[in-house]
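Data block for target_24.txt (compact mmCIF, C-alpha atoms and all ligand atoms):
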# COMPACT_ATOMS: atom_id res chain seq x y z
CA MET A 1 6.05 123.77 -23.80
CA HIS A 2 5.44 126.46 -21.21
CA GLU A 3 7.29 129.12 -23.20
CA LEU A 4 4.05 131.02 -23.70
CA SER A 5 3.48 131.35 -19.95
CA ILE A 6 7.11 132.38 -19.51
CA ALA A 7 6.77 134.95 -22.31
CA SER A 8 3.67 136.37 -20.68
CA ALA A 9 5.42 136.52 -17.27
CA ILE A 10 8.24 138.49 -18.97
CA LEU A 11 5.72 140.88 -20.51
CA ASP A 12 3.95 141.38 -17.18
CA ALA A 13 7.27 142.16 -15.51
CA VAL A 14 8.23 144.63 -18.25
CA ARG A 15 4.87 146.36 -17.95
CA LYS A 16 5.30 146.66 -14.18
CA GLU A 17 8.77 148.18 -14.59
CA ALA A 18 7.50 150.53 -17.29
CA GLU A 19 4.76 151.80 -15.00
CA LYS A 20 7.42 152.78 -12.46
CA ARG A 21 9.09 154.96 -15.09
CA PRO A 22 6.51 157.22 -16.69
CA GLY A 23 7.61 158.84 -19.94
CA VAL A 24 10.11 156.19 -20.97
CA ARG A 25 9.61 153.61 -23.69
CA VAL A 26 10.99 150.13 -23.21
CA ARG A 27 12.67 148.99 -26.42
CA LYS A 28 14.33 145.79 -25.36
CA VAL A 29 14.25 143.29 -22.51
CA GLY A 30 17.20 141.02 -21.77
CA VAL A 31 16.68 137.63 -20.15
CA ARG A 32 19.02 134.88 -19.03
CA ILE A 33 17.86 131.32 -19.68
CA GLY A 34 19.67 128.36 -18.18
CA ALA A 35 19.99 125.02 -19.93
CA LEU A 36 18.11 123.38 -17.04
CA SER A 37 15.24 125.83 -16.99
CA GLY A 38 13.21 123.73 -19.40
CA VAL A 39 12.71 126.77 -21.61
CA GLU A 40 13.59 126.51 -25.28
CA PRO A 41 15.03 129.89 -26.39
CA GLU A 42 13.62 129.63 -29.91
CA ALA A 43 10.13 128.78 -28.71
CA LEU A 44 10.36 131.60 -26.19
CA SER A 45 11.32 134.13 -28.89
CA PHE A 46 8.47 132.94 -31.03
CA GLY A 47 5.91 133.06 -28.23
CA PHE A 48 7.15 136.44 -27.07
CA GLY A 49 6.87 137.93 -30.56
CA ALA A 50 3.33 136.64 -30.91
CA LEU A 51 2.26 137.97 -27.50
CA VAL A 52 3.76 141.42 -27.80
CA GLN A 53 2.35 142.13 -31.25
CA GLY A 54 -0.38 144.77 -31.21
CA THR A 55 0.00 145.59 -27.50
CA ASP A 56 1.03 148.93 -25.99
CA LEU A 57 4.58 147.58 -25.64
CA ASP A 58 4.98 146.75 -29.35
CA PRO A 59 7.71 147.01 -30.71
CA LEU A 60 9.70 145.36 -27.93
CA ALA A 61 12.76 143.23 -28.62
CA LEU A 62 13.76 140.21 -26.56
CA GLU A 63 17.41 139.32 -26.12
CA ILE A 64 18.13 135.88 -24.72
CA GLU A 65 21.43 134.97 -23.14
CA SER A 66 21.70 131.19 -22.88
CA VAL A 67 23.53 129.92 -19.82
CA PRO A 68 25.08 126.46 -19.76
CA TRP A 69 24.54 123.90 -17.01
CA ARG A 70 27.43 124.18 -14.56
CA GLN A 71 28.57 121.82 -11.82
CA ARG A 72 31.11 122.38 -9.07
CA CYS A 73 33.58 119.99 -7.51
CA PRO A 74 34.09 121.24 -3.94
CA PRO A 75 37.43 119.47 -3.21
CA CYS A 76 38.96 120.87 -6.40
CA ASP A 77 37.09 124.16 -6.06
CA LEU A 78 36.43 123.85 -9.78
CA THR A 79 33.30 124.90 -11.67
CA PHE A 80 32.80 123.43 -15.12
CA ASP A 81 30.21 123.38 -17.91
CA VAL A 82 28.37 120.10 -18.27
CA LYS A 83 28.68 118.64 -21.74
CA ASP A 84 28.19 115.14 -23.04
CA GLU A 85 30.92 113.72 -20.80
CA GLY A 86 28.59 113.81 -17.82
CA LEU A 87 28.79 115.29 -14.37
CA ALA A 88 32.09 113.93 -13.08
CA CYS A 89 34.80 116.43 -12.22
CA PRO A 90 37.12 116.87 -15.20
CA ARG A 91 40.10 117.25 -12.84
CA CYS A 92 39.71 114.50 -10.21
CA ALA A 93 36.99 112.37 -11.90
CA ARG A 94 34.92 112.36 -8.71
CA PRO A 95 31.30 111.65 -9.71
CA GLU A 96 29.60 113.61 -6.89
CA THR A 97 29.58 117.21 -8.05
CA LEU A 98 27.03 119.89 -7.17
CA MET A 99 24.90 122.06 -9.36
CA ALA A 100 26.39 125.52 -9.68
CA GLY A 101 24.11 127.07 -12.29
CA GLY A 102 21.98 126.48 -15.32
CA ASP A 103 18.50 126.82 -13.86
CA GLU A 104 18.37 130.58 -14.47
CA LEU A 105 15.13 132.12 -15.64
CA ASP A 106 16.09 135.72 -14.96
CA LEU A 107 15.22 139.18 -16.16
CA ALA A 108 18.61 140.78 -16.70
CA TYR A 109 17.95 144.30 -18.02
CA LEU A 110 15.70 146.71 -19.89
CA GLU A 111 16.74 149.10 -22.63
CA VAL A 112 14.67 152.26 -22.54
CA GLU A 113 14.30 155.55 -24.43
CA GLU A 114 13.14 158.82 -22.91
CA MET B 1 19.26 154.18 -25.26
CA ASP B 2 19.70 153.55 -21.52
CA ARG B 3 20.21 150.13 -20.06
CA ILE B 4 18.57 149.48 -16.70
CA PRO B 5 19.77 146.36 -14.87
CA LEU B 6 16.92 144.35 -13.32
CA GLU B 7 18.33 141.11 -11.93
CA LYS B 8 15.18 139.43 -10.81
CA LYS B 9 13.51 136.16 -11.58
CA VAL B 10 11.07 135.95 -14.46
CA LEU B 11 8.77 133.98 -12.17
CA SER B 12 9.22 136.25 -9.15
CA GLU B 13 5.47 136.87 -9.08
CA ASN B 14 4.83 133.12 -8.84
CA ASP B 15 7.58 132.81 -6.21
CA ARG B 16 5.92 135.55 -4.16
CA VAL B 17 2.57 133.73 -4.12
CA ALA B 18 4.35 130.43 -3.39
CA ALA B 19 6.14 131.98 -0.41
CA ARG B 20 2.80 133.19 0.91
CA LEU B 21 1.38 129.66 0.56
CA ARG B 22 4.43 128.14 2.23
CA ASP B 23 3.96 130.47 5.20
CA ARG B 24 0.33 129.45 5.51
CA PHE B 25 1.20 125.74 5.33
CA ARG B 26 3.83 126.19 8.03
CA GLU B 27 1.54 128.17 10.21
CA HIS B 28 -0.95 125.30 10.18
CA GLY B 29 1.69 122.55 10.32
CA ILE B 30 0.64 121.19 6.93
CA LEU B 31 2.98 119.00 4.95
CA CYS B 32 2.49 119.96 1.30
CA LEU B 33 3.92 117.61 -1.33
CA ASN B 34 4.12 118.34 -5.06
CA LEU B 35 3.97 115.11 -7.06
CA ILE B 36 5.44 115.33 -10.55
CA SER B 37 5.84 112.80 -13.37
CA SER B 38 5.28 112.32 -17.07
CA PRO B 39 1.71 111.42 -18.10
CA GLY B 40 0.67 107.99 -16.94
CA ALA B 41 3.56 107.20 -14.58
CA GLY B 42 1.00 106.46 -11.88
CA LYS B 43 0.48 109.62 -9.80
CA THR B 44 -3.27 109.21 -9.38
CA THR B 45 -2.96 105.47 -8.77
CA LEU B 46 -0.35 106.04 -6.06
CA LEU B 47 -2.60 108.65 -4.46
CA GLU B 48 -5.60 106.33 -4.58
CA LEU B 49 -3.63 103.65 -2.75
CA THR B 50 -2.29 106.21 -0.29
CA LEU B 51 -5.73 107.57 0.56
CA GLY B 52 -7.06 104.01 0.77
CA ARG B 53 -4.52 103.16 3.45
CA LEU B 54 -5.11 106.20 5.62
CA PRO B 55 -7.52 106.05 8.56
CA LYS B 56 -10.84 107.84 8.04
CA GLU B 57 -9.93 110.52 10.55
CA ALA B 58 -6.68 111.42 8.74
CA ARG B 59 -6.54 115.14 7.99
CA VAL B 60 -5.51 114.92 4.36
CA ALA B 61 -6.58 116.60 1.14
CA VAL B 62 -5.53 116.37 -2.49
CA LEU B 63 -5.42 118.78 -5.39
CA THR B 64 -4.94 117.42 -8.85
CA GLY B 65 -3.96 119.31 -11.96
CA ASP B 66 -5.13 118.38 -15.41
CA ILE B 67 -5.15 120.21 -18.72
CA GLN B 68 -8.73 119.30 -19.58
CA THR B 69 -10.65 116.81 -17.45
CA ASP B 70 -11.64 116.24 -13.84
CA ASN B 71 -11.27 112.44 -14.03
CA ASP B 72 -8.45 112.30 -11.48
CA ALA B 73 -10.31 114.31 -8.84
CA ARG B 74 -13.33 112.03 -9.29
CA ARG B 75 -11.11 108.99 -8.83
CA LEU B 76 -9.66 110.50 -5.66
CA ALA B 77 -12.90 111.85 -4.17
CA ARG B 78 -14.18 108.29 -3.65
CA PHE B 79 -12.01 107.94 -0.55
CA GLY B 80 -13.95 110.52 1.42
CA PHE B 81 -11.17 113.07 1.78
CA PRO B 82 -11.37 116.53 0.21
CA ALA B 83 -10.22 116.32 -3.42
CA ARG B 84 -10.35 119.12 -5.91
CA GLN B 85 -9.43 119.38 -9.56
CA ILE B 86 -7.51 122.30 -10.95
CA THR B 87 -8.16 122.43 -14.69
CA THR B 88 -5.37 124.46 -16.24
CA GLY B 89 -7.14 125.10 -19.55
CA GLY B 90 -4.11 124.25 -21.68
CA ALA B 91 -1.22 125.07 -19.35
CA CYS B 92 1.20 122.19 -18.91
CA HIS B 93 1.89 122.90 -15.23
CA LEU B 94 0.25 124.21 -12.08
CA ASP B 95 1.31 127.59 -10.76
CA ALA B 96 1.09 129.01 -7.25
CA ARG B 97 -1.86 131.24 -8.06
CA MET B 98 -3.95 128.26 -9.23
CA VAL B 99 -3.19 126.49 -5.94
CA GLU B 100 -4.02 129.56 -3.91
CA ARG B 101 -7.32 129.94 -5.73
CA ALA B 102 -8.19 126.27 -5.26
CA LEU B 103 -7.56 126.53 -1.52
CA ALA B 104 -9.46 129.78 -1.05
CA ASP B 105 -12.45 128.28 0.76
CA TRP B 106 -10.69 125.41 2.56
CA GLN B 107 -10.16 125.44 6.32
CA LEU B 108 -6.42 124.88 6.41
CA GLU B 109 -6.43 124.49 10.19
CA ASN B 110 -8.18 121.15 9.62
CA LEU B 111 -5.33 119.69 7.53
CA ASP B 112 -2.03 117.93 8.24
CA LEU B 113 -1.22 116.76 4.73
CA LEU B 114 -1.89 118.24 1.31
CA ILE B 115 -0.76 116.32 -1.74
CA ILE B 116 -0.77 118.09 -5.09
CA GLU B 117 -0.75 115.97 -8.23
CA ASN B 118 0.82 118.20 -10.87
CA VAL B 119 0.00 118.06 -14.58
CA GLY B 120 1.71 115.07 -16.23
CA ASN B 121 4.94 116.61 -17.53
CA LEU B 122 8.59 116.26 -16.50
CA VAL B 123 9.72 119.68 -17.73
CA CYS B 124 7.41 122.61 -17.03
CA PRO B 125 6.29 121.88 -13.46
CA SER B 126 9.90 122.01 -12.29
CA SER B 127 10.01 125.80 -12.74
CA TYR B 128 6.90 126.61 -10.70
CA ASP B 129 7.16 126.67 -6.93
CA LEU B 130 3.77 125.83 -5.40
CA GLY B 131 4.78 126.50 -1.81
CA GLU B 132 5.36 122.78 -1.22
CA ALA B 133 7.71 121.41 1.44
CA ALA B 134 9.06 118.91 -1.08
CA LYS B 135 8.78 117.99 -4.71
CA ILE B 136 8.53 114.28 -5.44
CA VAL B 137 9.28 112.88 -8.87
CA LEU B 138 7.68 109.65 -9.97
CA LEU B 139 9.36 107.66 -12.71
CA SER B 140 7.81 104.45 -14.00
CA VAL B 141 9.79 101.50 -15.24
CA PRO B 142 8.48 101.52 -18.86
CA GLU B 143 9.81 105.07 -19.33
CA GLY B 144 13.44 103.94 -19.22
CA GLU B 145 16.35 104.48 -16.87
CA ASP B 146 17.82 107.38 -18.82
CA LYS B 147 15.14 109.89 -17.76
CA PRO B 148 17.18 111.52 -14.97
CA LEU B 149 19.80 112.44 -17.57
CA LYS B 150 17.21 113.71 -20.05
CA TYR B 151 15.21 115.75 -17.54
CA PRO B 152 17.83 116.70 -14.96
CA ALA B 153 16.03 119.75 -13.56
CA ILE B 154 13.18 117.86 -11.97
CA PHE B 155 15.51 115.24 -10.49
CA LEU B 156 17.70 117.99 -9.05
CA LYS B 157 14.80 119.74 -7.43
CA SER B 158 12.97 116.71 -6.04
CA GLU B 159 13.73 115.37 -2.61
CA LEU B 160 12.42 111.90 -3.36
CA LEU B 161 12.36 109.69 -6.44
CA VAL B 162 9.60 107.08 -6.52
CA LEU B 163 10.35 104.37 -9.05
CA ASN B 164 6.92 103.00 -9.87
CA LYS B 165 5.65 99.93 -11.75
CA ILE B 166 8.48 97.68 -10.58
CA ASP B 167 6.10 94.75 -11.23
CA LEU B 168 6.93 95.34 -14.92
CA LEU B 169 10.68 94.82 -14.46
CA PRO B 170 10.58 91.25 -15.86
CA TYR B 171 8.93 92.46 -19.08
CA VAL B 172 10.90 95.55 -20.05
CA SER B 173 14.58 96.29 -20.25
CA PHE B 174 15.04 98.65 -17.36
CA ASP B 175 18.31 98.67 -15.47
CA MET B 176 17.35 99.53 -11.89
CA ALA B 177 20.93 99.97 -10.71
CA ARG B 178 21.63 102.41 -13.51
CA ALA B 179 18.42 104.32 -12.90
CA ARG B 180 19.45 104.86 -9.27
CA GLU B 181 22.98 105.75 -10.33
CA HIS B 182 21.74 108.29 -12.89
CA ALA B 183 19.42 109.91 -10.37
CA ARG B 184 22.17 110.19 -7.77
CA SER B 185 24.68 111.50 -10.30
CA ILE B 186 22.28 114.39 -10.87
CA HIS B 187 21.25 114.70 -7.24
CA PRO B 188 23.72 113.18 -4.77
CA GLY B 189 21.90 111.86 -1.72
CA MET B 190 18.52 111.78 -3.42
CA GLU B 191 16.10 109.52 -1.57
CA ILE B 192 14.75 106.68 -3.72
CA LEU B 193 11.82 104.32 -3.18
CA GLU B 194 10.84 101.39 -5.39
CA VAL B 195 7.11 100.85 -5.61
CA SER B 196 4.50 98.86 -7.45
CA CYS B 197 0.96 100.16 -7.27
CA THR B 198 -0.20 96.86 -8.75
CA THR B 199 1.33 94.48 -6.20
CA GLY B 200 1.52 96.95 -3.32
CA GLU B 201 5.25 96.42 -2.94
CA GLY B 202 7.01 99.39 -1.39
CA LEU B 203 3.83 101.17 -0.33
CA ASP B 204 4.57 100.78 3.38
CA GLN B 205 7.90 102.54 2.89
CA TRP B 206 6.13 105.28 0.93
CA ILE B 207 3.59 105.88 3.72
CA GLN B 208 6.47 105.81 6.22
CA TRP B 209 8.35 108.38 4.17
CA ILE B 210 5.36 110.75 4.24
CA LYS B 211 4.99 110.34 8.01
CA LYS B 212 8.67 110.95 8.64
CA ARG B 213 8.65 113.99 6.34
CA GLY B 214 5.69 115.42 8.22
CA GLU B 215 7.54 115.03 11.52
CA ILE B 216 10.60 116.78 10.09
CA LEU B 217 8.44 119.65 8.89
CA ARG B 218 6.68 120.04 12.22
CA ALA B 219 10.00 119.91 14.11
CA GLU B 220 11.33 122.69 11.85
CA THR B 221 8.17 124.70 12.28
CA ALA B 222 8.33 124.44 16.06
CA LYS B 223 11.79 125.98 15.91
CA LEU B 224 10.69 129.02 13.94
CA PRO B 225 10.43 131.86 16.42
CA THR B 226 7.30 133.50 14.99
CA LEU B 227 5.49 130.34 13.99
CA GLY B 228 6.24 128.09 16.98
CA ARG B 229 3.20 126.51 18.53
N1 LIG C 301 1.72 97.61 -14.07
C1 LIG C 301 1.51 98.72 -13.35
N2 LIG C 301 0.66 99.65 -13.79
C2 LIG C 301 0.47 100.75 -13.04
C3 LIG C 301 1.16 100.95 -11.82
N3 LIG C 301 0.79 102.15 -11.32
C4 LIG C 301 -0.10 102.68 -12.20
N4 LIG C 301 -0.30 101.84 -13.23
C5 LIG C 301 -1.20 102.06 -14.40
O1 LIG C 301 -0.70 103.14 -15.18
C6 LIG C 301 -1.78 103.84 -15.80
C7 LIG C 301 -1.69 105.33 -15.53
O2 LIG C 301 -1.84 105.56 -14.15
P1 LIG C 301 -2.32 106.95 -13.56
O3 LIG C 301 -2.29 106.81 -12.07
O4 LIG C 301 -3.59 107.40 -14.17
O5 LIG C 301 -1.15 107.89 -14.04
P2 LIG C 301 -0.98 109.48 -13.82
O6 LIG C 301 0.47 109.72 -13.59
O7 LIG C 301 -1.92 109.95 -12.79
O8 LIG C 301 -1.41 110.03 -15.25
P3 LIG C 301 -1.77 111.55 -15.67
O9 LIG C 301 -2.58 112.15 -14.55
O10 LIG C 301 -2.55 111.38 -16.92
O11 LIG C 301 -0.48 112.23 -15.88
C8 LIG C 301 -3.06 103.21 -15.24
O12 LIG C 301 -3.54 102.31 -16.19
C9 LIG C 301 -2.58 102.49 -14.00
O13 LIG C 301 -3.38 101.39 -13.67
C10 LIG C 301 2.06 99.94 -11.37
O14 LIG C 301 2.72 100.02 -10.33
N5 LIG C 301 2.20 98.84 -12.18
MG MG C 302 -3.35 111.48 -12.88
ZN ZN C 303 37.40 117.47 -8.58
With the file now loaded, output its structure as C-alpha cells.
Amino acid sequence: MHELSIASAILDAVRKEAEKRPGVRVRKVGVRIGALSGVEPEALSFGFGALVQGTDLDPLALEIESVPWRQRCPPCDLTFDVKDEGLACPRCARPETLMAGGDELDLAYLEVEE
Amino acid sequence: MDRIPLEKKVLSENDRVAARLRDRFREHGILCLNLISSPGAGKTTLLELTLGRLPKEARVAVLTGDIQTDNDARRLARFGFPARQITTGGACHLDARMVERALADWQLENLDLLIIENVGNLVCPSSYDLGEAAKIVLLSVPEGEDKPLKYPAIFLKSELLVLNKIDLLPYVSFDMARAREHARSIHPGMEILEVSCTTGEGLDQWIQWIKKRGEILRAETAKLPTLGR
C-alpha cells in the first residue's frame, strides 16, 4: 500500500548518490526487502517503473532481493527461516524465539556506467 | 558496469528526521506515543476518553493522521488540549517530516505528553519512525485473534498491545487467551492491556501505563549526560 512512497524514497536516494558522482549514469539499483517490511515486491516494482518513467534517471532498473523472516533461538544458537510452522525453535521446540531479520528495507548497491 | 555497495536504509531520510524529533522530545521531557491500528479499532475513541480523564492543567497534545478528513482532530479538540490534524493526502501512514511540520509552531517546552494517532492501517505505519518513545498497537475484538500472526511487524515493534472493545466478547468468537498467546509468540514480553471504551473497563490501567511510561522516559533522560536537567 505504501510501495509508491517507498519507490519514491528509493529514487530520492539514487538521485542523491548520483549527484555525488558527476559523470556517471546509474543503470540499476539493488534493494533488499524483508518479509516483515510490509512492502510487496511486485507492487514496488510496478510503482518504481511508473515513477522513474520520463525522469532524468530513466532508464533505471530495480533489482529486489527478498529476505525471509528469520528468528533465533538463543539457547540453541540457531537462526531459522519462519515458515508456516510458526516461531518455535525447530531444534528444541521452545516457543520464545527472537527476531533475527526480515524487516529489511535496505538499499544494497548501485550499478553505474562512466 | 561498476557495482557500488550502498548498505543504507531506504528510509534513512525519514529516520534522520525522526532522530531529530526524538532528541527534541527528550530535551523537553516529552513522552511521545505513536498509536497504530486498523481503521475503526478505536484510536480516536480511546484518545477522547484519555483526554476526558486528564486534569485541565495536564500538558498534553494530540496529532491525528487521516488520509482525507479532519473529523478526528475536531472530535479531540473539544477537550481543550491542543489537537491538530495531519491530512496525508492519500498516504496510508504518517512520516517523520509530516510530524515535524505539524509541530513547527508549537511550544514543546509546554508539553509532557504527545500522542500521535496514526492513519488507520496495520502495515505501512510500522515502517515509519516518528521519533516516538513507544509504538502502541490497538487491536479490537471484532478483528479476530489471528491479527498478530497476519501483521507480525507492528506487533514486534510495539511496546504495548491494547485489546479494545472487550465489551463485545460475548457477541463475537474471539479467543482472548489465544490472542495474547499469538502476540507474545511474536513479541515475547509484550505488555498487554484489555480495554473497553464503551464500559470504561481497563481505562485506569491504560492511564497508569502512560504515567509509568512517562516516568521511565524522564528517568532515562535524566541519565543522559548532555540532556540531563
Ligand atoms: N463496542 C465498542 N465500540 C467501540 C469501542 N471503542 C470504539 N468503539 C467504536 O468503534 C468505532 C470506531 O472508533 P474510532 O475511535 O473512530 O476508531 P479509529 O481507530 O479512530 O478509526 P480511524 O481513525 O478511522 O482509523 C466507533 O463507532 C466507536 O464508537 C469499544 O470499546 N467497544
Ligand atoms: Mg480515528
Ligand atoms: Zn532452540
- prompt: Which one of B:Leu31, B:Ala177, B:Leu54, B:Leu49 sits closest to ligand LIG 301 (chain C) if you count all atoms listed in the file?
  reply: B:Leu49
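For the choices B:Lys135, B:Arg16, B:Lys147, B:Arg180, the atom-to-atom distance to Ala96 of chain B is smallest for B:Arg16 when using all atoms listed in the file.
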task: Can you check which residues of chain A have any atom within 10 Å of chain B? Use only C-alpha atoms and format it as number ranges by chain.
output: A: 1-14, 17, 24-33, 35-39, 71, 86-88, 95-99, 102-114
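For the pair atom C3 of ligand LIG 301 (chain C) and atom CA of Ala77 of chain B, the separation is 19.4 Å.
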message: Could you list, as a PyMOL selection string, all residues that come within 9 Å of ligand LIG 301 (chain C)? Count only C-alpha atoms and all ligand atoms.
response: chain B and resi 36-48+64-66+71-72+117-121+138+140-141+163-168+195-201
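Put simply, atom CA of Leu193 of chain B is 15.6 Å away from atom CA of Leu33 of chain B.
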Write as a CSV table (one decimal) with C-alpha atoms, in the frame of the given file the residues around ligand ZN 303 (chain C), taking 6 Å as the cut-off and counting all atoms listed in the file.
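Listed below is the output, part.csv:
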chain,number,residue,atom,x,y,z
A,73,CYS,CA,33.6,120.0,-7.5
A,75,PRO,CA,37.4,119.5,-3.2
A,76,CYS,CA,39.0,120.9,-6.4
A,89,CYS,CA,34.8,116.4,-12.2
A,91,ARG,CA,40.1,117.2,-12.8
A,92,CYS,CA,39.7,114.5,-10.2
A,94,ARG,CA,34.9,112.4,-8.7
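The coordinates place atom CA of Val17 of chain B at 22.2 Å from atom CA of Val60 of chain B.
Using only C-alpha atoms and all ligand atoms, the shortest contact distance between ligand MG 302 (chain C) and any of B:Ala58, B:Asn34, B:Ala73, B:Ala18 is found at B:Ala73.
Comparing B:Arg213, B:Val172, B:Ile67, B:His28 by their smallest distance to Ala133 of chain B, the closest is B:Arg213 (using all atoms listed in the file).
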- request: Mind listing whatever residues come within 7 Å of the point (-5.7, 116.5, -4.0)? Use only C-alpha atoms, file coordinates, and give them as a PyMOL selection string.
  value: chain B and resi 61-64+83-84+114-117
